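**Q** Hey, dropping protein26.cif in here, mmCIF, C-alpha atoms:
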```
data_start
#
loop_
_atom_site.label_atom_id
_atom_site.label_comp_id
_atom_site.auth_asym_id
_atom_site.auth_seq_id
_atom_site.Cartn_x
_atom_site.Cartn_y
_atom_site.Cartn_z
CA MET A 924 43.27 -24.51 4.70
CA ALA A 925 44.01 -23.40 8.27
CA GLN A 926 47.41 -25.14 8.40
CA ASP A 927 48.52 -23.11 5.38
CA MET A 928 47.51 -19.79 6.93
CA THR A 929 50.31 -17.36 7.71
CA TYR A 930 50.40 -14.18 9.75
CA ALA A 931 50.91 -12.04 6.65
CA ARG A 932 48.15 -13.76 4.70
CA TYR A 933 45.64 -13.64 7.54
CA LEU A 934 46.20 -9.91 8.03
CA ALA A 935 46.51 -9.19 4.29
CA LEU A 936 49.78 -7.42 5.01
CA ASP A 937 50.79 -7.16 1.36
CA GLU A 938 47.67 -5.06 0.68
CA LEU A 939 47.77 -3.23 4.01
CA LEU A 940 51.40 -2.16 3.85
CA SER A 941 51.17 -1.12 0.21
CA ALA A 942 48.19 1.16 0.88
CA GLN A 943 50.39 4.11 1.92
CA LYS A 944 51.09 6.10 -1.24
CA PRO A 945 52.69 9.48 -0.50
CA LEU A 946 52.33 12.04 -3.28
CA SER A 947 55.51 13.89 -2.39
CA ASP A 948 59.05 13.00 -1.35
CA ARG A 949 58.59 14.70 2.04
CA HIS A 950 59.48 12.54 5.02
CA ASP A 951 56.45 13.47 7.17
CA GLU A 952 53.79 12.64 4.61
CA LEU A 953 53.99 8.96 5.49
CA LEU A 954 53.18 9.77 9.12
CA PHE A 955 50.20 11.87 8.01
CA ILE A 956 48.86 9.00 5.91
CA VAL A 957 49.42 6.32 8.56
CA ILE A 958 47.71 8.38 11.28
CA HIS A 959 44.61 8.92 9.16
CA GLN A 960 44.44 5.38 7.80
CA THR A 961 44.74 4.05 11.35
CA LYS A 962 41.92 6.37 12.42
CA GLU A 963 39.71 4.91 9.71
CA LEU A 964 40.51 1.36 10.81
CA TRP A 965 39.59 2.20 14.40
CA LEU A 966 36.40 3.89 13.20
CA LYS A 967 35.50 0.68 11.38
CA GLU A 968 35.82 -1.24 14.64
CA ILE A 969 33.92 1.43 16.62
CA ILE A 970 31.01 1.29 14.16
CA HIS A 971 31.07 -2.52 14.43
CA GLU A 972 30.78 -2.28 18.24
CA VAL A 973 28.15 0.47 18.28
CA LEU A 974 25.94 -1.52 15.90
CA LEU A 975 26.24 -4.52 18.21
CA ALA A 976 25.37 -2.40 21.24
CA LYS A 977 22.35 -0.97 19.41
CA ARG A 978 21.05 -4.45 18.55
CA LEU A 979 21.52 -5.72 22.10
CA ILE A 980 19.89 -2.72 23.76
CA ALA A 981 16.98 -2.66 21.30
CA GLY A 982 16.39 -6.33 22.10
CA GLY A 983 16.36 -5.66 25.84
CA ASP A 984 19.79 -7.25 26.44
CA VAL A 985 21.21 -4.14 28.05
CA GLU A 986 23.93 -5.61 30.23
CA PRO A 987 25.76 -7.48 27.41
CA ALA A 988 26.01 -4.13 25.56
CA TYR A 989 28.26 -2.71 28.30
CA LYS A 990 31.27 -4.59 26.94
CA ALA A 991 30.90 -3.18 23.43
CA LEU A 992 30.44 0.35 24.74
CA ALA A 993 33.43 0.04 27.07
CA ARG A 994 35.53 -1.18 24.15
CA VAL A 995 34.50 1.87 22.11
CA SER A 996 35.62 4.19 24.90
CA ARG A 997 39.02 2.46 25.08
CA ILE A 998 39.47 2.78 21.33
CA GLN A 999 38.56 6.47 21.55
CA THR A 1000 41.35 6.91 24.11
CA VAL A 1001 43.86 5.38 21.70
CA MET A 1002 42.61 7.60 18.89
CA THR A 1003 42.98 10.69 21.08
CA LEU A 1004 46.56 9.74 21.95
CA SER A 1005 47.35 9.48 18.24
CA TRP A 1006 47.04 13.27 17.96
CA ASP A 1007 50.19 13.52 20.12
CA VAL A 1008 52.05 11.53 17.48
CA LEU A 1009 50.77 13.75 14.68
CA ALA A 1010 51.74 16.83 16.70
CA THR A 1011 55.41 15.85 16.33
CA MET A 1012 55.00 17.18 12.78
CA THR A 1013 55.88 20.88 12.70
CA PRO A 1014 54.06 23.52 10.64
CA ALA A 1015 56.95 23.59 8.17
CA ASP A 1016 56.79 19.79 7.83
CA TYR A 1017 53.10 19.86 7.00
CA LEU A 1018 53.24 22.85 4.67
CA SER A 1019 55.94 21.10 2.66
CA PHE A 1020 53.36 18.63 1.27
CA ARG A 1021 49.98 20.22 2.07
CA GLU A 1022 49.32 21.35 -1.50
CA ASP A 1023 49.48 17.73 -2.63
CA LEU A 1024 46.35 17.01 -0.58
CA GLY A 1025 44.28 19.06 -3.01
CA THR A 1026 40.64 19.29 -1.95
CA SER A 1027 40.73 16.18 0.24
CA SER A 1028 39.41 16.82 3.74
CA GLY A 1029 38.44 15.03 6.92
CA PHE A 1030 34.92 16.31 6.16
CA GLN A 1031 34.84 13.52 3.60
CA SER A 1032 35.33 10.72 6.14
CA HIS A 1033 32.08 8.83 5.75
CA GLN A 1034 32.92 6.56 8.69
CA PHE A 1035 33.23 9.47 11.11
CA ARG A 1036 29.89 10.85 9.93
CA THR A 1037 28.37 7.38 10.17
CA LEU A 1038 29.50 7.24 13.79
CA GLU A 1039 27.97 10.64 14.49
CA TYR A 1040 24.71 9.49 12.91
CA LEU A 1041 24.72 6.29 14.97
CA LEU A 1042 25.11 8.39 18.12
CA GLY A 1043 22.27 10.72 17.10
CA LEU A 1044 24.22 13.71 15.73
CA LYS A 1045 22.47 13.74 12.35
CA ASP A 1046 23.62 16.62 10.17
CA GLN A 1047 22.45 15.78 6.65
CA SER A 1048 24.66 18.45 5.08
CA PHE A 1049 27.57 15.99 5.10
CA LEU A 1050 25.84 13.74 2.59
CA LYS A 1051 26.89 16.10 -0.20
CA PHE A 1052 30.48 14.89 0.08
CA HIS A 1053 29.55 11.43 -1.20
CA ALA A 1054 28.31 10.15 -4.55
CA GLU A 1055 24.79 8.79 -4.98
CA GLY A 1056 24.86 5.00 -5.20
CA SER A 1057 28.29 4.70 -3.56
CA PRO A 1058 28.92 2.31 -0.63
CA ALA A 1059 29.73 5.34 1.53
CA MET A 1060 26.37 6.94 0.77
CA ALA A 1061 24.57 3.66 1.48
CA GLU A 1062 26.21 3.34 4.89
CA LEU A 1063 25.46 6.97 5.74
CA THR A 1064 21.83 6.90 4.68
CA ALA A 1065 21.21 3.68 6.60
CA ALA A 1066 22.62 5.23 9.77
CA LEU A 1067 20.71 8.45 9.14
CA ALA A 1068 17.33 6.73 8.83
CA SER A 1069 17.77 4.37 11.78
CA PRO A 1070 17.17 5.00 15.49
CA SER A 1071 20.40 6.11 17.12
CA LEU A 1072 22.16 4.46 20.05
CA TYR A 1073 20.50 7.03 22.31
CA ASP A 1074 17.07 6.38 20.78
CA VAL A 1075 17.26 2.69 21.66
CA ALA A 1076 18.50 3.58 25.16
CA ILE A 1077 15.58 5.94 25.72
CA ALA A 1078 13.20 3.20 24.54
CA GLN A 1079 14.34 1.11 27.52
CA LEU A 1080 13.03 3.66 30.03
CA PRO A 1081 9.32 2.75 29.70
CA ARG A 1082 10.23 -0.94 30.03
CA HIS A 1083 11.34 -0.07 33.56
CA GLY A 1084 8.18 1.87 34.38
CA LEU A 1085 9.55 5.33 33.60
CA ALA A 1086 7.38 7.77 31.66
CA VAL A 1087 8.68 8.94 28.29
CA PRO A 1088 6.61 10.99 25.81
CA ASP A 1089 5.58 9.36 22.57
CA SER A 1090 7.29 12.20 20.70
CA ALA A 1091 10.65 10.94 21.97
CA LEU A 1092 9.94 7.31 21.11
CA HIS A 1093 8.38 7.77 17.66
CA ARG A 1094 10.14 10.65 16.01
CA ASP A 1095 11.80 11.42 12.69
CA PHE A 1096 15.07 9.53 13.16
CA THR A 1097 16.73 11.40 10.29
CA GLN A 1098 16.85 14.47 12.55
CA THR A 1099 19.23 15.20 15.40
CA TYR A 1100 17.66 14.29 18.73
CA GLN A 1101 16.30 17.28 20.64
CA PRO A 1102 16.40 17.32 24.47
CA SER A 1103 13.15 16.61 26.29
CA PRO A 1104 12.27 17.66 29.87
CA GLU A 1105 10.32 14.42 30.28
CA VAL A 1106 13.25 12.28 29.15
CA GLU A 1107 15.52 14.21 31.49
CA ALA A 1108 13.08 13.55 34.35
CA ALA A 1109 13.12 9.83 33.58
CA TRP A 1110 16.92 9.66 33.59
CA LEU A 1111 16.96 11.81 36.74
CA ALA A 1112 14.82 9.17 38.45
CA VAL A 1113 17.40 6.57 37.45
CA TYR A 1114 20.24 8.59 38.93
CA ARG A 1115 18.35 9.32 42.14
CA ASP A 1116 17.82 5.61 42.77
CA PRO A 1117 20.66 3.67 41.10
CA LYS A 1118 19.90 0.45 43.00
CA ALA A 1119 16.35 0.32 41.68
CA TYR A 1120 17.47 1.03 38.11
CA TRP A 1121 20.98 -0.42 38.17
CA GLU A 1122 20.87 -1.70 34.58
CA LEU A 1123 19.82 1.69 33.22
CA TYR A 1124 22.23 3.53 35.50
CA GLN A 1125 25.18 1.54 34.22
CA LEU A 1126 24.02 2.00 30.62
CA ALA A 1127 23.79 5.76 31.11
CA GLU A 1128 27.30 5.94 32.53
CA LYS A 1129 28.68 3.90 29.63
CA LEU A 1130 27.04 6.36 27.25
CA VAL A 1131 28.53 9.31 29.11
CA ASP A 1132 31.95 7.64 28.91
CA LEU A 1133 31.53 7.48 25.13
CA ASP A 1134 30.34 11.08 24.83
CA ASP A 1135 33.13 12.29 27.11
CA ALA A 1136 35.73 10.48 25.03
CA LEU A 1137 34.32 11.91 21.80
CA VAL A 1138 34.53 15.48 23.09
CA THR A 1139 38.06 14.81 24.39
CA TRP A 1140 39.04 13.54 20.93
CA ARG A 1141 37.53 16.65 19.32
CA HIS A 1142 39.36 18.93 21.74
CA LYS A 1143 42.72 17.32 21.02
CA HIS A 1144 41.92 17.55 17.31
CA VAL A 1145 41.37 21.30 17.63
CA LEU A 1146 44.63 21.80 19.52
CA THR A 1147 46.63 19.71 17.05
CA VAL A 1148 45.23 21.49 14.00
CA GLU A 1149 45.80 24.90 15.60
CA ARG A 1150 49.34 23.90 16.50
CA ILE A 1151 50.14 22.85 12.93
CA ILE A 1152 48.19 25.28 10.71
CA GLY A 1153 46.96 27.98 13.11
CA GLY A 1154 43.83 29.73 11.88
CA ARG A 1155 44.25 28.85 8.21
CA PRO A 1156 41.29 27.36 6.35
CA GLY A 1157 41.33 23.58 6.14
CA THR A 1158 41.97 21.65 2.95
CA GLY A 1159 38.90 21.46 0.76
CA GLY A 1160 37.93 25.02 1.75
CA THR A 1161 36.68 24.15 5.24
CA ASP A 1162 36.87 26.62 8.11
CA GLY A 1163 39.64 24.73 9.88
CA VAL A 1164 39.96 25.41 13.60
CA GLY A 1165 36.97 27.75 13.53
CA TYR A 1166 34.62 24.94 12.59
CA LEU A 1167 36.27 22.32 14.76
CA ALA A 1168 35.93 24.52 17.85
CA THR A 1169 32.15 24.68 17.38
CA THR A 1170 31.91 20.89 17.62
CA LEU A 1171 33.15 20.95 21.23
CA ARG A 1172 29.67 21.99 22.38
CA ARG A 1173 27.95 18.96 20.88
CA ARG A 1174 26.58 16.27 23.16
CA ALA A 1175 25.11 13.06 21.78
CA PHE A 1176 23.22 12.27 24.99
CA PRO A 1177 22.16 15.70 26.30
CA GLU A 1178 19.91 14.75 29.22
CA LEU A 1179 22.62 12.55 30.71
CA TRP A 1180 24.64 15.74 31.13
CA SER A 1181 21.92 18.22 32.07
CA LEU A 1182 20.39 16.04 34.81
CA ARG A 1183 23.56 16.33 36.90
CA THR A 1184 22.78 19.92 37.76
CA LYS A 1185 19.45 18.81 39.29
CA LEU A 1186 20.72 15.92 41.40
CA ARG A 1187 20.17 16.34 45.14
#
```
Please rewrite the model in this file as structure tokens.
**A**
Amino acid sequence: MAQDMTYARYLALDELLSAQKPLSDRHDELLFIVIHQTKELWLKEIIHEVLLAKRLIAGGDVEPAYKALARVSRIQTVMTLSWDVLATMTPADYLSFREDLGTSSGFQSHQFRTLEYLLGLKDQSFLKFHAEGSPAMAELTAALASPSLYDVAIAQLPRHGLAVPDSALHRDFTQTYQPSPEVEAAWLAVYRDPKAYWELYQLAEKLVDLDDALVTWRHKHVLTVERIIGGRPGTGGTDGVGYLATTLRRRAFPELWSLRTKLR
């Protein structure tokens, strides 16, 4: 009953605060665990908001989606700031417990890959990190097969009288979206006349906010990893900083960036 509810019970604090299980006696391992568990909690909320935004936009309720997208951008800012906390851990601190991590790796974060899939960055090679029939695989494959946030945004363009090729509207959604000159031209029309297409213009800027924040998060991730482990390979045999640096070039909504060069 509601009158019997307590703060600890409502938030499941007994379970939450017992979920940190360091494998060593090193002081900084707790920080490492808390930072990454917190990241996963924020990713859960981001996915929750992006799915809402997708449903709203797909249903033609574009303006109500702004709130969800703005919330995602704010959460991304908090996540980026968390790298500054992790960076208080020195290389010696991290190396003192790194071997205990074994083959675990951020590559195995199914929520981060789900987010990338929801945004349209659909690299199927990451599926191999998850077991067939697992909840993680189910979430990933659902996001992989579905139209991305950008796909549903592009589908709004014809509803406002803007020409978009059928190949952009009815494509293989399991593949990463490829830029289209015609889609760029449609978004360019929006940016050249914001008053006529105010709803789409605001949607586009909310998407750019999200993409900007994602790249900023990636950049801070690269700097933090380089500061702590330098050019060493990552745990699990990954390429470490070398791989992370390549992700800085990724854009989930490419035409919303490229059109800016053509604005007059």
**Q** Give me the result of the PyMOL selection byres ((chain A and resi 976-979) around 8) on this file, residue by residue, as JSON, numbers by chain.
**A** {"A": [972, 973, 974, 975, 980, 981, 982, 983, 984, 985, 987, 988, 989, 991, 992, 1071, 1072, 1075]}
**Q** Using the chain letters and numbers from the file, give me the residues hit by the PyMOL selection byres ((chain A and resi 1109-1122) around 9), as a PyMOL selection string.
**A** chain A and resi 985-986+1077+1080-1081+1083+1085-1087+1104-1108+1123-1127+1178-1179+1182-1183+1185-1187
**Q** Considering all atoms listed in the file, can you say which of A:Asp1023, A:Glu952, A:Glu1039, A:Asp1007 comes closest to Ile970 of chain A?
**A**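 With all atoms listed in the file as the atom set, the closest residue is A:Glu1039.
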**Q** List, as a count of residues only, every residue that the PyMOL selection byres ((chain A and resi 960) around 12) selects in the file provided.
**A** 24
**Q** For the atom pair atom CA of Val1131 of chain A and atom CA of Glu1149 of chain A, what is the interatomic distance in Å to one decimal place?
**A**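 These atoms are spaced 26.9 Å apart.
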**Q** When you draw a straight line from atom CA of Phe1049 of chain A to atom CA of Ile1152 of chain A, how long is it in Å?
**A** 23.3 Å
**Q** Select, from A:Val1001, A:Asp948, A:Glu1062, A:Arg1174, the residue with the minimum atom-to-atom distance to Asp1135 of chain A, counting all atoms listed in the file.
**A**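 Looking at the shortest contact to Asp1135 of chain A, the residue is A:Arg1174.
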**Q** Set the distance at 9 Å and use all atoms listed in the file: which residues neighbour Leu1018 of chain A once local chain neighbours fewer than 4 positions away are removed? I'd like the list as a PyMOL selection string.
**A** chain A and resi 1013-1014+1022+1151-1152
**Q** From the list A:Ala1068, A:Leu936, A:Val1164, A:Ile969, which residue is nearest His1144 of chain A when using only C-alpha atoms?
**A**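 With only C-alpha atoms as the atom set, the closest residue is A:Val1164.
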